[in-house]
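Below is data-v3.txt, which holds compact mmCIF, C-alpha atoms and all ligand atoms.
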```
# COMPACT_ATOMS: atom_id res chain seq x y z
CA MET A 1 43.76 -10.32 23.33
CA SER A 2 44.34 -6.63 22.73
CA ALA A 3 41.99 -4.18 24.36
CA GLU A 4 40.60 -3.03 20.99
CA LYS A 5 39.72 -6.43 19.66
CA GLY A 6 36.17 -7.46 20.24
CA ARG A 7 35.29 -4.24 22.04
CA ASN A 8 32.19 -2.74 20.65
CA GLY A 9 31.10 -0.52 23.50
CA THR A 10 31.39 2.82 21.72
CA ARG A 11 29.39 1.80 18.67
CA GLU A 12 25.67 2.34 18.28
CA PRO A 13 23.94 -0.97 18.90
CA ALA A 14 21.74 -0.63 15.80
CA ALA A 15 23.11 -1.05 12.26
CA ALA A 16 23.72 2.08 10.21
CA ARG A 17 21.09 1.00 7.68
CA LEU A 18 18.43 1.80 10.27
CA ALA A 19 19.61 5.37 10.79
CA GLY A 20 16.82 7.88 10.35
CA LEU A 21 14.01 5.35 10.12
CA GLY A 22 12.98 6.17 13.71
CA THR A 23 9.55 5.47 15.15
CA SER A 24 6.98 6.10 12.50
CA VAL A 25 4.46 8.90 12.68
CA PHE A 26 1.81 6.15 12.55
CA THR A 27 2.83 5.01 16.01
CA GLU A 28 2.77 8.59 17.29
CA MET A 29 -0.66 9.35 15.86
CA THR A 30 -2.17 6.05 17.00
CA GLU A 31 -0.92 6.85 20.51
CA LEU A 32 -2.39 10.38 20.27
CA ALA A 33 -5.76 8.93 19.26
CA ARG A 34 -5.66 6.61 22.27
CA SER A 35 -4.59 9.25 24.80
CA THR A 36 -7.02 11.95 23.61
CA GLY A 37 -10.01 9.79 22.70
CA ALA A 38 -10.05 11.38 19.23
CA VAL A 39 -11.74 9.68 16.26
CA ASN A 40 -8.90 7.82 14.60
CA LEU A 41 -8.81 8.35 10.84
CA GLY A 42 -5.05 7.82 10.90
CA GLN A 43 -3.65 4.38 10.25
CA GLY A 44 -5.51 2.31 7.65
CA VAL A 45 -6.78 -0.41 9.96
CA PRO A 46 -10.06 -1.55 8.39
CA GLU A 47 -13.16 -1.76 10.59
CA LEU A 48 -15.60 -3.03 8.00
CA GLY A 49 -15.63 -6.72 8.82
CA SER A 50 -14.63 -9.86 6.92
CA PRO A 51 -16.52 -12.65 5.17
CA ARG A 52 -18.02 -14.83 7.89
CA ALA A 53 -17.26 -18.08 6.03
CA LEU A 54 -13.59 -17.11 5.80
CA LEU A 55 -13.34 -16.56 9.56
CA GLU A 56 -15.10 -19.86 10.26
CA ASP A 57 -12.86 -21.72 7.80
CA VAL A 58 -9.73 -20.41 9.55
CA ALA A 59 -11.08 -21.27 13.00
CA ALA A 60 -11.88 -24.79 11.77
CA ALA A 61 -8.44 -25.14 10.20
CA VAL A 62 -6.74 -24.24 13.49
CA LEU A 63 -8.86 -26.78 15.39
CA ALA A 64 -8.28 -29.41 12.71
CA GLY A 65 -4.52 -29.08 13.19
CA ALA A 66 -3.29 -26.92 10.28
CA ASN A 67 -0.74 -25.39 12.64
CA GLN A 68 2.64 -26.51 11.32
CA TYR A 69 4.89 -25.24 8.54
CA PRO A 70 2.99 -25.28 5.26
CA PRO A 71 4.93 -25.77 1.97
CA ALA A 72 7.61 -23.11 1.54
CA HIS A 73 5.98 -21.59 -1.55
CA GLY A 74 2.48 -21.72 -0.07
CA THR A 75 -0.20 -24.41 -0.09
CA PRO A 76 -1.12 -25.77 -3.55
CA ALA A 77 -4.74 -24.63 -3.03
CA LEU A 78 -3.82 -21.00 -2.42
CA ARG A 79 -1.25 -20.88 -5.24
CA GLU A 80 -3.86 -22.33 -7.60
CA ALA A 81 -6.50 -19.87 -6.36
CA VAL A 82 -4.13 -16.93 -6.96
CA ALA A 83 -3.31 -18.18 -10.46
CA ALA A 84 -7.04 -18.69 -11.19
CA HIS A 85 -7.78 -15.17 -9.88
CA GLN A 86 -5.20 -13.58 -12.19
CA ARG A 87 -6.55 -15.53 -15.17
CA ARG A 88 -10.22 -14.86 -14.43
CA ARG A 89 -9.88 -11.13 -13.72
CA TYR A 90 -7.02 -10.05 -15.95
CA GLY A 91 -6.36 -12.82 -18.47
CA LEU A 92 -2.88 -13.33 -16.99
CA GLU A 93 -1.57 -16.91 -16.94
CA TYR A 94 0.74 -18.03 -14.13
CA ASP A 95 1.90 -21.53 -13.34
CA PRO A 96 1.03 -22.18 -9.68
CA GLY A 97 4.07 -24.48 -9.59
CA ASP A 98 6.81 -21.90 -9.95
CA GLU A 99 5.19 -18.56 -10.85
CA VAL A 100 3.22 -17.92 -7.66
CA LEU A 101 4.70 -17.53 -4.17
CA VAL A 102 2.76 -17.02 -0.93
CA THR A 103 4.39 -14.50 1.40
CA THR A 104 3.99 -13.02 4.87
CA GLY A 105 1.85 -10.15 3.66
CA ALA A 106 2.52 -7.93 0.70
CA THR A 107 5.25 -6.43 2.87
CA GLU A 108 7.41 -9.54 2.68
CA ALA A 109 6.78 -9.89 -1.05
CA LEU A 110 7.98 -6.31 -1.57
CA ALA A 111 10.99 -6.73 0.71
CA GLY A 112 11.84 -10.06 -0.89
CA ALA A 113 11.55 -8.53 -4.35
CA LEU A 114 13.90 -5.63 -3.65
CA LEU A 115 16.37 -7.75 -1.66
CA GLY A 116 16.21 -10.44 -4.34
CA LEU A 117 16.59 -8.13 -7.34
CA CYS A 118 18.84 -5.24 -6.24
CA ASP A 119 22.57 -5.08 -5.71
CA PRO A 120 24.27 -2.38 -3.64
CA GLY A 121 24.39 0.86 -5.61
CA ASP A 122 21.34 0.06 -7.72
CA GLU A 123 18.53 2.57 -8.02
CA VAL A 124 14.84 1.89 -7.54
CA LEU A 125 12.27 4.26 -9.03
CA ALA A 126 9.02 4.90 -7.16
CA PHE A 127 6.26 7.43 -7.61
CA ASP A 128 6.30 9.98 -4.82
CA PRO A 129 4.47 10.03 -2.40
CA CYS A 130 4.72 6.28 -1.81
CA TYR A 131 4.11 3.58 0.73
CA ASP A 132 6.77 4.00 3.38
CA ALA A 133 8.20 0.47 3.20
CA TYR A 134 9.64 0.93 -0.30
CA ALA A 135 12.45 3.32 0.65
CA ALA A 136 13.28 1.33 3.79
CA VAL A 137 13.62 -2.05 2.06
CA ALA A 138 15.50 -0.50 -0.87
CA ARG A 139 17.97 0.77 1.71
CA PHE A 140 18.21 -2.68 3.35
CA ALA A 141 19.23 -3.98 -0.09
CA GLY A 142 21.93 -1.30 -0.32
CA ALA A 143 19.96 0.31 -3.13
CA LYS A 144 18.60 3.82 -3.33
CA LEU A 145 15.01 4.81 -3.87
CA VAL A 146 14.73 7.56 -6.48
CA PRO A 147 11.43 9.42 -6.13
CA VAL A 148 9.51 10.39 -9.28
CA PRO A 149 6.91 13.04 -8.36
CA LEU A 150 3.24 12.47 -8.94
CA VAL A 151 1.98 15.95 -9.72
CA THR A 152 -1.38 17.47 -8.88
CA GLU A 153 -3.70 18.60 -11.64
CA GLY A 154 -6.95 20.03 -10.31
CA ASP A 155 -8.11 17.54 -7.69
CA ALA A 156 -6.10 14.62 -9.10
CA PHE A 157 -2.59 13.20 -8.83
CA VAL A 158 -1.14 12.42 -12.25
CA LEU A 159 1.96 10.86 -13.77
CA ASP A 160 4.71 13.20 -14.97
CA ALA A 161 6.10 11.05 -17.79
CA GLU A 162 8.92 13.49 -18.53
CA ALA A 163 10.08 13.28 -14.92
CA LEU A 164 10.02 9.49 -15.20
CA TRP A 165 12.19 9.44 -18.34
CA ALA A 166 14.57 11.90 -16.68
CA ALA A 167 14.90 9.82 -13.50
CA VAL A 168 16.37 6.76 -15.24
CA THR A 169 20.16 6.35 -14.93
CA PRO A 170 22.53 3.48 -15.83
CA ARG A 171 22.08 2.26 -12.24
CA THR A 172 18.28 2.02 -12.41
CA ARG A 173 17.20 -1.58 -11.95
CA VAL A 174 13.66 -1.70 -10.64
CA LEU A 175 10.54 0.45 -10.88
CA VAL A 176 8.07 0.10 -8.03
CA LEU A 177 4.51 0.84 -9.09
CA ASN A 178 1.53 1.01 -6.74
CA THR A 179 -1.93 1.07 -8.26
CA PRO A 180 -4.46 1.67 -6.80
CA HIS A 181 -2.19 4.01 -4.89
CA ASN A 182 -1.65 4.61 -1.21
CA PRO A 183 -1.68 7.39 0.09
CA THR A 184 -3.54 9.22 -2.72
CA GLY A 185 -6.29 6.83 -3.86
CA LYS A 186 -5.10 7.31 -7.43
CA VAL A 187 -5.79 4.61 -10.02
CA PHE A 188 -3.25 4.74 -12.85
CA THR A 189 -5.05 5.20 -16.18
CA ALA A 190 -4.46 3.03 -19.26
CA ALA A 191 -2.47 5.87 -20.85
CA GLU A 192 -0.32 6.34 -17.75
CA LEU A 193 0.43 2.62 -17.52
CA ALA A 194 1.36 2.55 -21.21
CA ALA A 195 3.75 5.46 -20.62
CA VAL A 196 5.34 3.69 -17.64
CA ALA A 197 5.64 0.45 -19.61
CA GLU A 198 7.38 2.27 -22.44
CA VAL A 199 10.14 3.47 -20.10
CA VAL A 200 10.44 0.03 -18.50
CA ARG A 201 10.82 -1.75 -21.87
CA GLU A 202 13.17 0.88 -23.27
CA TYR A 203 15.63 0.49 -20.39
CA GLY A 204 15.05 -3.20 -19.59
CA LEU A 205 13.88 -2.51 -16.03
CA THR A 206 11.99 -4.89 -13.77
CA VAL A 207 8.64 -3.76 -12.37
CA VAL A 208 7.49 -4.60 -8.87
CA THR A 209 3.82 -3.63 -8.74
CA ASP A 210 1.94 -3.36 -5.46
CA GLU A 211 -1.74 -4.04 -6.15
CA VAL A 212 -3.10 -4.67 -2.65
CA TYR A 213 -6.09 -2.37 -3.36
CA GLU A 214 -6.92 -4.11 -6.68
CA HIS A 215 -10.49 -4.89 -5.56
CA LEU A 216 -11.25 -1.50 -4.04
CA VAL A 217 -11.80 0.77 -7.04
CA PHE A 218 -15.05 2.71 -6.61
CA GLY A 219 -17.55 2.72 -9.42
CA GLU A 220 -15.68 -0.04 -11.26
CA GLY A 221 -18.15 -1.59 -13.66
CA ASP A 222 -20.31 1.58 -13.76
CA GLY A 223 -18.03 3.36 -16.21
CA GLY A 224 -15.74 4.55 -13.41
CA PRO A 225 -11.98 4.04 -13.20
CA VAL A 226 -10.73 0.47 -13.62
CA HIS A 227 -7.78 -1.34 -12.09
CA ARG A 228 -5.40 -2.60 -14.76
CA PRO A 229 -2.36 -4.69 -13.89
CA ILE A 230 0.73 -3.45 -15.74
CA ALA A 231 1.73 -7.11 -16.27
CA ALA A 232 -1.12 -7.34 -18.81
CA LEU A 233 0.46 -4.74 -21.12
CA PRO A 234 2.44 -5.89 -24.18
CA GLY A 235 5.90 -7.16 -23.29
CA MET A 236 5.39 -6.59 -19.57
CA ARG A 237 4.50 -9.98 -18.12
CA GLU A 238 8.06 -11.22 -18.49
CA ARG A 239 9.48 -8.28 -16.55
CA THR A 240 6.89 -7.79 -13.82
CA LEU A 241 6.37 -9.10 -10.30
CA THR A 242 2.76 -8.49 -9.21
CA VAL A 243 2.17 -8.30 -5.46
CA SER A 244 -1.15 -8.51 -3.64
CA SER A 245 -2.48 -9.51 -0.26
CA ALA A 246 -5.53 -10.74 1.64
CA GLY A 247 -5.27 -7.98 4.23
CA LYS A 248 -7.03 -5.09 2.51
CA THR A 249 -9.40 -7.15 0.34
CA PHE A 250 -10.84 -9.23 3.19
CA GLY A 251 -10.30 -6.86 6.11
CA VAL A 252 -7.75 -9.19 7.74
CA THR A 253 -4.62 -7.04 7.98
CA GLY A 254 -3.49 -8.97 11.07
CA TRP A 255 -3.12 -12.24 9.18
CA LYS A 256 -0.26 -11.09 6.99
CA VAL A 257 -0.84 -13.37 4.04
CA GLY A 258 0.19 -12.02 0.65
CA TRP A 259 1.44 -13.36 -2.65
CA VAL A 260 3.52 -12.51 -5.66
CA CYS A 261 3.11 -13.65 -9.29
CA GLY A 262 5.62 -13.37 -12.08
CA PRO A 263 7.88 -15.27 -14.44
CA ALA A 264 9.70 -18.13 -12.70
CA PRO A 265 13.20 -16.52 -12.53
CA LEU A 266 11.81 -13.39 -10.85
CA VAL A 267 9.63 -15.34 -8.42
CA ALA A 268 12.65 -17.55 -7.63
CA ALA A 269 14.59 -14.44 -6.57
CA VAL A 270 11.85 -13.53 -4.07
CA ALA A 271 11.61 -17.14 -2.88
CA GLY A 272 15.37 -17.19 -2.34
CA VAL A 273 15.01 -14.35 0.15
CA LYS A 274 11.81 -15.63 1.70
CA GLN A 275 13.26 -19.02 2.56
CA PHE A 276 15.56 -17.36 5.11
CA LEU A 277 13.37 -14.45 6.18
CA THR A 278 10.25 -16.37 7.21
CA TYR A 279 10.48 -19.71 5.32
CA THR A 280 6.69 -20.13 5.28
CA SER A 281 3.57 -18.13 6.13
CA GLY A 282 0.32 -18.53 8.05
CA ALA A 283 -0.67 -22.22 7.70
CA PRO A 284 -4.31 -22.06 8.87
CA PHE A 285 -5.11 -19.06 6.67
CA GLN A 286 -3.99 -20.33 3.31
CA ASP A 287 -6.60 -22.87 2.21
CA ALA A 288 -9.37 -20.75 3.75
CA LEU A 289 -8.14 -17.77 1.72
CA ALA A 290 -8.01 -19.95 -1.39
CA ARG A 291 -11.75 -20.56 -1.01
CA ALA A 292 -12.47 -16.89 -0.27
CA LEU A 293 -10.46 -15.74 -3.27
CA GLY A 294 -12.57 -17.98 -5.48
CA GLY A 295 -15.63 -15.89 -4.58
CA VAL A 296 -13.95 -12.55 -3.96
CA GLU A 297 -16.01 -10.61 -6.51
CA GLU A 298 -19.22 -10.82 -4.50
CA TRP A 299 -17.55 -9.77 -1.24
CA ALA A 300 -15.56 -7.01 -2.91
CA ALA A 301 -18.63 -5.51 -4.62
CA GLU A 302 -20.28 -4.99 -1.22
CA LEU A 303 -17.08 -3.67 0.36
CA ARG A 304 -16.64 -1.18 -2.50
CA ARG A 305 -20.17 0.14 -1.97
CA THR A 306 -19.52 0.65 1.75
CA LEU A 307 -16.12 2.23 1.21
CA GLY A 308 -17.36 4.36 -1.66
CA ARG A 309 -20.16 5.75 0.54
CA ASN A 310 -17.62 6.51 3.29
CA ARG A 311 -15.33 8.17 0.76
CA ASP A 312 -18.21 10.43 -0.33
CA LEU A 313 -19.22 11.30 3.25
CA LEU A 314 -15.64 12.11 4.20
CA SER A 315 -14.76 14.06 1.05
CA GLU A 316 -17.93 16.14 1.24
CA GLY A 317 -17.36 16.79 4.94
CA LEU A 318 -13.75 17.82 4.38
CA MET A 319 -14.93 20.21 1.69
CA ARG A 320 -17.50 21.80 4.02
CA ALA A 321 -14.82 22.06 6.73
CA GLY A 322 -12.53 23.92 4.34
CA LEU A 323 -10.00 21.08 4.09
CA ARG A 324 -10.08 20.69 0.32
CA PRO A 325 -10.03 16.98 -0.56
CA TYR A 326 -8.40 15.43 -3.60
CA ARG A 327 -10.23 12.82 -5.64
CA ALA A 328 -9.81 9.31 -4.24
CA ASP A 329 -10.89 6.69 -6.76
CA ALA A 330 -9.87 3.66 -4.72
CA GLY A 331 -8.56 2.24 -1.49
CA TYR A 332 -8.85 3.50 2.06
CA PHE A 333 -7.63 7.11 1.97
CA VAL A 334 -8.27 10.67 0.91
CA GLN A 335 -5.80 13.56 0.75
CA ALA A 336 -6.75 16.97 2.12
CA ASP A 337 -5.19 20.42 1.77
CA ILE A 338 -4.82 22.12 5.18
CA ARG A 339 -3.86 25.61 4.03
CA ALA A 340 -7.32 27.13 4.42
CA TRP A 341 -6.98 26.41 8.15
CA GLY A 342 -3.89 28.60 8.22
CA HIS A 343 -1.49 25.67 8.26
CA GLU A 344 1.45 24.87 6.00
CA ASP A 345 2.95 22.01 7.99
CA GLY A 346 1.01 18.74 8.06
CA VAL A 347 3.03 17.31 10.94
CA ARG A 348 2.15 20.21 13.24
CA PHE A 349 -1.42 20.18 12.01
CA CYS A 350 -1.80 16.47 12.79
CA ARG A 351 -0.26 16.90 16.25
CA GLU A 352 -2.76 19.67 17.04
CA LEU A 353 -5.84 18.19 15.36
CA PRO A 354 -6.78 15.76 18.16
CA LEU A 355 -7.01 18.65 20.65
CA ARG A 356 -8.51 21.16 18.26
CA ALA A 357 -11.08 18.92 16.60
CA GLY A 358 -10.92 15.47 18.23
CA VAL A 359 -9.77 13.78 15.03
CA VAL A 360 -6.54 12.01 14.08
CA ALA A 361 -5.03 12.07 10.58
CA ILE A 362 -1.58 11.26 9.16
CA PRO A 363 0.70 13.90 7.61
CA THR A 364 1.39 12.93 4.01
CA SER A 365 5.01 13.98 4.51
CA ALA A 366 5.42 10.48 6.03
CA PHE A 367 5.01 9.16 2.46
CA PHE A 368 7.12 11.66 0.56
CA VAL A 369 10.71 10.74 -0.22
CA ARG A 370 11.91 13.76 -2.18
CA PRO A 371 13.17 16.86 -0.41
CA GLY A 372 10.96 19.90 -0.85
CA ALA A 373 7.78 17.86 -1.34
CA PRO A 374 4.50 19.56 -0.41
CA SER A 375 4.01 19.71 3.36
CA HIS A 376 0.40 20.92 3.33
CA LEU A 377 -1.27 17.56 2.68
CA VAL A 378 -2.69 15.17 5.24
CA ARG A 379 -4.24 11.75 4.80
CA PHE A 380 -7.59 10.75 6.30
CA SER A 381 -8.71 7.11 6.18
CA PHE A 382 -12.31 6.10 5.58
CA CYS A 383 -12.03 2.32 6.06
CA LYS A 384 -13.97 2.84 9.30
CA ARG A 385 -17.55 2.35 10.42
CA GLU A 386 -19.87 4.94 8.91
CA GLU A 387 -20.65 6.39 12.38
CA ALA A 388 -16.94 7.06 12.95
CA VAL A 389 -16.64 8.85 9.61
CA LEU A 390 -19.77 10.92 10.31
CA ASP A 391 -18.54 11.72 13.83
CA ALA A 392 -15.16 12.87 12.47
CA VAL A 393 -16.81 15.01 9.81
CA ARG A 394 -19.07 16.67 12.40
CA ARG A 395 -16.08 17.42 14.63
CA LEU A 396 -14.07 18.88 11.75
CA GLU A 397 -16.96 21.12 10.69
CA GLU A 398 -17.42 22.32 14.27
CA ALA A 399 -13.71 23.06 14.60
CA ALA A 400 -13.75 24.89 11.27
CA ALA A 401 -16.60 27.11 12.51
CA GLY A 402 -14.88 27.77 15.87
CA PRO A 403 -11.85 29.91 16.73
CA ARG A 404 -8.68 29.11 14.84
C1 LIG B 1 -1.24 -2.12 3.58
C2 LIG B 1 -0.30 -2.03 2.44
C3 LIG B 1 0.72 -2.99 2.24
C4 LIG B 1 0.99 -4.08 3.26
O1 LIG B 1 0.26 -5.21 3.03
P1 LIG B 1 0.39 -6.46 4.02
O2 LIG B 1 -0.26 -7.55 3.30
O3 LIG B 1 -0.27 -6.08 5.31
O4 LIG B 1 1.85 -6.70 4.25
C5 LIG B 1 1.52 -2.88 1.13
N1 LIG B 1 1.35 -1.89 0.24
C6 LIG B 1 0.41 -0.95 0.39
C7 LIG B 1 0.28 0.13 -0.63
C8 LIG B 1 -0.43 -0.98 1.50
O5 LIG B 1 -1.34 -0.01 1.68
```

Please go through the file and, once you have read it, give me the structure as structure tokens.
Amino acid sequence: MSAEKGRNGTREPAAARLAGLGTSVFTEMTELARSTGAVNLGQGVPELGSPRALLEDVAAAVLAGANQYPPAHGTPALREAVAAHQRRRYGLEYDPGDEVLVTTGATEALAGALLGLCDPGDEVLAFDPCYDAYAAVARFAGAKLVPVPLVTEGDAFVLDAEALWAAVTPRTRVLVLNTPHNPTGKVFTAAELAAVAEVVREYGLTVVTDEVYEHLVFGEGDGGPVHRPIAALPGMRERTLTVSSAGKTFGVTGWKVGWVCGPAPLVAAVAGVKQFLTYTSGAPFQDALARALGGVEEWAAELRRTLGRNRDLLSEGLMRAGLRPYRADAGYFVQADIRAWGHEDGVRFCRELPLRAGVVAIPTSAFFVRPGAPSHLVRFSFCKREEAVLDAVRRLEEAAAGPR
């Protein structure tokens, strides 16, 4: 055998597709919170509890022996509960047989969708800033994520429809939508969704919509903003994969049980990937979640009240501390402008904040894809106990009053 053959010693051990992904700023900030004892409003790990009956059901399922591979597409009970949920809430009909797939969190559904739908060289549109997994999994598929800016208007983030039309090329295959949106807390309006759908239909794109915060829109039912699935718009069901998850709705992010609904050929593409990524997901959780999903409205109403109160406490506190907050209509997070504290760079600000104020936040630059995006935004999470939010607010106000 020649010396060259089979010798790999000079190559990087990791594949090129991982280049630049690095350790995320979430890891760094979580570690900073731990080492400094700061109040952690960084990563969106919910601390607001879960339905007691759900926890007991899962514990009972483990003890009763639901510990082996469940059916590859998910248990019939959970697939039926997901289909019933989509019908009851949104009037969307899915066949639990081949139009619903249970996944290992929304993360696997999103990865499976992009790996299952994109060929190398394809382009994937996403509104910028966006959840950090989208660009990474697009890259794993050999595709490229093309960021479409969400622009600020007053205290809101809004769609720039012209920028969306302009971003489409002959290589565009998929549009990733996320509503309610992380990291901004934006809920896409009916008019914005109609504008997105128009582009999608015009160019024959496929939509992958991430709706993990679907139950967490504040003031829904009281004339406030409303979550609308884009799949419910005319001509959109047949070209949309809708992704959701138990993690955010029930405060069980460690369980990693999600699901995706869509027309059978699109769901089959995700299932084709899933069968060799994880094959199946979380046996003891599935039937318990099916029962919880059946009564989700009651649980979610209470959770929305708690989260909405936290959102108000945090936003008002940020305002008093001079960190101007943007409007967050849903989810776990609020955006703040750091410039009044003499900062332009959110990464530096977030590295200093634990020492200066005893609070941890996440620089929004971690969510921006496009070069030249704003660097003066940071994300605070309010999915924490009220005392933690109040403590953080007090610390920020004290730091704002002290020396800069
Ligand atoms: C948390 C989150 C996810 C991940 O959901 P899992 O079910 O934990 O995989 C996906 N998308 C968004 C926007 C999120 O905030």

At what distance in Å, to one decimal, does atom CA of A:Cys350 lie from atom CA of A:Arg139?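 Result for atom CA of A:Arg139 versus atom CA of A:Cys350: 27.6 Å, one decimal.
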
Which residues of chain A sit at most 10 Å from ligand LIG 1 (chain B), using all atoms listed in the file? Give each one's shortest atom pair and distance in Å (one decimal place), in chain and ascending residue order, as JSON lines.
```
{"residue": "A:Gln43", "atom": "CA", "partner": "B:LIG1", "partner_atom": "C1", "distance": 9.6}
{"residue": "A:Gly44", "atom": "CA", "partner": "B:LIG1", "partner_atom": "C1", "distance": 7.4}
{"residue": "A:Val45", "atom": "CA", "partner": "B:LIG1", "partner_atom": "C1", "distance": 8.6}
{"residue": "A:Thr103", "atom": "CA", "partner": "B:LIG1", "partner_atom": "O2", "distance": 8.6}
{"residue": "A:Thr104", "atom": "CA", "partner": "B:LIG1", "partner_atom": "O4", "distance": 6.7}
{"residue": "A:Gly105", "atom": "CA", "partner": "B:LIG1", "partner_atom": "O2", "distance": 3.4}
{"residue": "A:Ala106", "atom": "CA", "partner": "B:LIG1", "partner_atom": "O4", "distance": 3.8}
{"residue": "A:Thr107", "atom": "CA", "partner": "B:LIG1", "partner_atom": "O4", "distance": 3.7}
{"residue": "A:Glu108", "atom": "CA", "partner": "B:LIG1", "partner_atom": "O4", "distance": 6.4}
{"residue": "A:Ala109", "atom": "CA", "partner": "B:LIG1", "partner_atom": "O4", "distance": 7.9}
{"residue": "A:Leu110", "atom": "CA", "partner": "B:LIG1", "partner_atom": "C5", "distance": 7.8}
{"residue": "A:Ala111", "atom": "CA", "partner": "B:LIG1", "partner_atom": "O4", "distance": 9.8}
{"residue": "A:Cys130", "atom": "CA", "partner": "B:LIG1", "partner_atom": "C7", "distance": 7.7}
{"residue": "A:Tyr131", "atom": "CA", "partner": "B:LIG1", "partner_atom": "C7", "distance": 5.3}
{"residue": "A:Asp132", "atom": "CA", "partner": "B:LIG1", "partner_atom": "C7", "distance": 8.6}
{"residue": "A:Ala133", "atom": "CA", "partner": "B:LIG1", "partner_atom": "C5", "distance": 7.8}
{"residue": "A:Tyr134", "atom": "CA", "partner": "B:LIG1", "partner_atom": "N1", "distance": 8.8}
{"residue": "A:Leu177", "atom": "CA", "partner": "B:LIG1", "partner_atom": "C7", "distance": 9.5}
{"residue": "A:Asn178", "atom": "CA", "partner": "B:LIG1", "partner_atom": "C7", "distance": 6.3}
{"residue": "A:Thr179", "atom": "CA", "partner": "B:LIG1", "partner_atom": "C7", "distance": 8.0}
{"residue": "A:Pro180", "atom": "CA", "partner": "B:LIG1", "partner_atom": "C7", "distance": 7.9}
{"residue": "A:His181", "atom": "CA", "partner": "B:LIG1", "partner_atom": "C7", "distance": 6.3}
{"residue": "A:Asn182", "atom": "CA", "partner": "B:LIG1", "partner_atom": "C7", "distance": 4.9}
{"residue": "A:Pro183", "atom": "CA", "partner": "B:LIG1", "partner_atom": "C7", "distance": 7.6}
{"residue": "A:Gly185", "atom": "CA", "partner": "B:LIG1", "partner_atom": "C7", "distance": 9.9}
{"residue": "A:Thr209", "atom": "CA", "partner": "B:LIG1", "partner_atom": "N1", "distance": 9.5}
{"residue": "A:Asp210", "atom": "CA", "partner": "B:LIG1", "partner_atom": "N1", "distance": 5.9}
{"residue": "A:Glu211", "atom": "CA", "partner": "B:LIG1", "partner_atom": "C7", "distance": 7.2}
{"residue": "A:Val212", "atom": "CA", "partner": "B:LIG1", "partner_atom": "C6", "distance": 5.9}
{"residue": "A:Tyr213", "atom": "CA", "partner": "B:LIG1", "partner_atom": "O5", "distance": 7.3}
{"residue": "A:Val243", "atom": "CA", "partner": "B:LIG1", "partner_atom": "C5", "distance": 8.6}
{"residue": "A:Ser244", "atom": "CA", "partner": "B:LIG1", "partner_atom": "O2", "distance": 7.1}
{"residue": "A:Ser245", "atom": "CA", "partner": "B:LIG1", "partner_atom": "O2", "distance": 4.6}
{"residue": "A:Ala246", "atom": "CA", "partner": "B:LIG1", "partner_atom": "O2", "distance": 6.4}
{"residue": "A:Gly247", "atom": "CA", "partner": "B:LIG1", "partner_atom": "O2", "distance": 5.1}
{"residue": "A:Lys248", "atom": "CA", "partner": "B:LIG1", "partner_atom": "C1", "distance": 6.6}
{"residue": "A:Thr249", "atom": "CA", "partner": "B:LIG1", "partner_atom": "O2", "distance": 9.6}
{"residue": "A:Val252", "atom": "CA", "partner": "B:LIG1", "partner_atom": "O3", "distance": 8.5}
{"residue": "A:Thr253", "atom": "CA", "partner": "B:LIG1", "partner_atom": "O3", "distance": 5.2}
{"residue": "A:Gly254", "atom": "CA", "partner": "B:LIG1", "partner_atom": "O3", "distance": 7.2}
{"residue": "A:Trp255", "atom": "CA", "partner": "B:LIG1", "partner_atom": "O3", "distance": 7.8}
{"residue": "A:Lys256", "atom": "CA", "partner": "B:LIG1", "partner_atom": "O2", "distance": 5.1}
{"residue": "A:Val257", "atom": "CA", "partner": "B:LIG1", "partner_atom": "O2", "distance": 5.9}
{"residue": "A:Gly258", "atom": "CA", "partner": "B:LIG1", "partner_atom": "O2", "distance": 5.2}
{"residue": "A:Trp259", "atom": "CA", "partner": "B:LIG1", "partner_atom": "O2", "distance": 8.5}
{"residue": "A:Gly331", "atom": "CA", "partner": "B:LIG1", "partner_atom": "O5", "distance": 8.2}
{"residue": "A:Tyr332", "atom": "CA", "partner": "B:LIG1", "partner_atom": "O5", "distance": 8.3}
{"residue": "A:Phe333", "atom": "CA", "partner": "B:LIG1", "partner_atom": "O5", "distance": 9.5}
```

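Among the candidates A:Val102, A:Ala84, A:Ala231, A:Leu32, the one nearest to A:Gln275 when counting all atoms listed in the file is A:Val102.
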
Shell around stretch 282-297 of chain A at 9 Å using only C-alpha atoms, local window under 5 positions removed, as a VMD selection string: chain A and resid 51 53 to 62 65 to 71 74 to 82 84 to 85 102 to 104 215 246 249 to 250 255 to 257 302

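One finds atom CA of A:Pro265 at 12.0 Å from atom CA of A:Leu101.
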
For A:Asp128, work out the shell of residues within 8 Å, counting only C-alpha atoms and skipping chain neighbours fewer than 4 positions away, then give it as an mmCIF file with C-alpha atoms, keeping the file's coordinate frame.
```
data_model
loop_
_atom_site.group_PDB
_atom_site.id
_atom_site.type_symbol
_atom_site.label_atom_id
_atom_site.label_comp_id
_atom_site.auth_asym_id
_atom_site.auth_seq_id
_atom_site.Cartn_x
_atom_site.Cartn_y
_atom_site.Cartn_z
ATOM 1 C CA PRO A 147 11.430 9.420 -6.130
ATOM 2 C CA VAL A 148 9.510 10.390 -9.280
ATOM 3 C CA PRO A 149 6.910 13.040 -8.360
ATOM 4 C CA LEU A 150 3.240 12.470 -8.940
ATOM 5 C CA PHE A 367 5.010 9.160 2.460
ATOM 6 C CA PHE A 368 7.120 11.660 0.560
ATOM 7 C CA VAL A 369 10.710 10.740 -0.220
ATOM 8 C CA ARG A 370 11.910 13.760 -2.180
#
```

Please indicate the distance in Å from atom CA of A:Lys274 to atom CA of A:Leu114, rounded to one decimal place.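 Atom CA of A:Lys274 sits 11.5 Å away from atom CA of A:Leu114.
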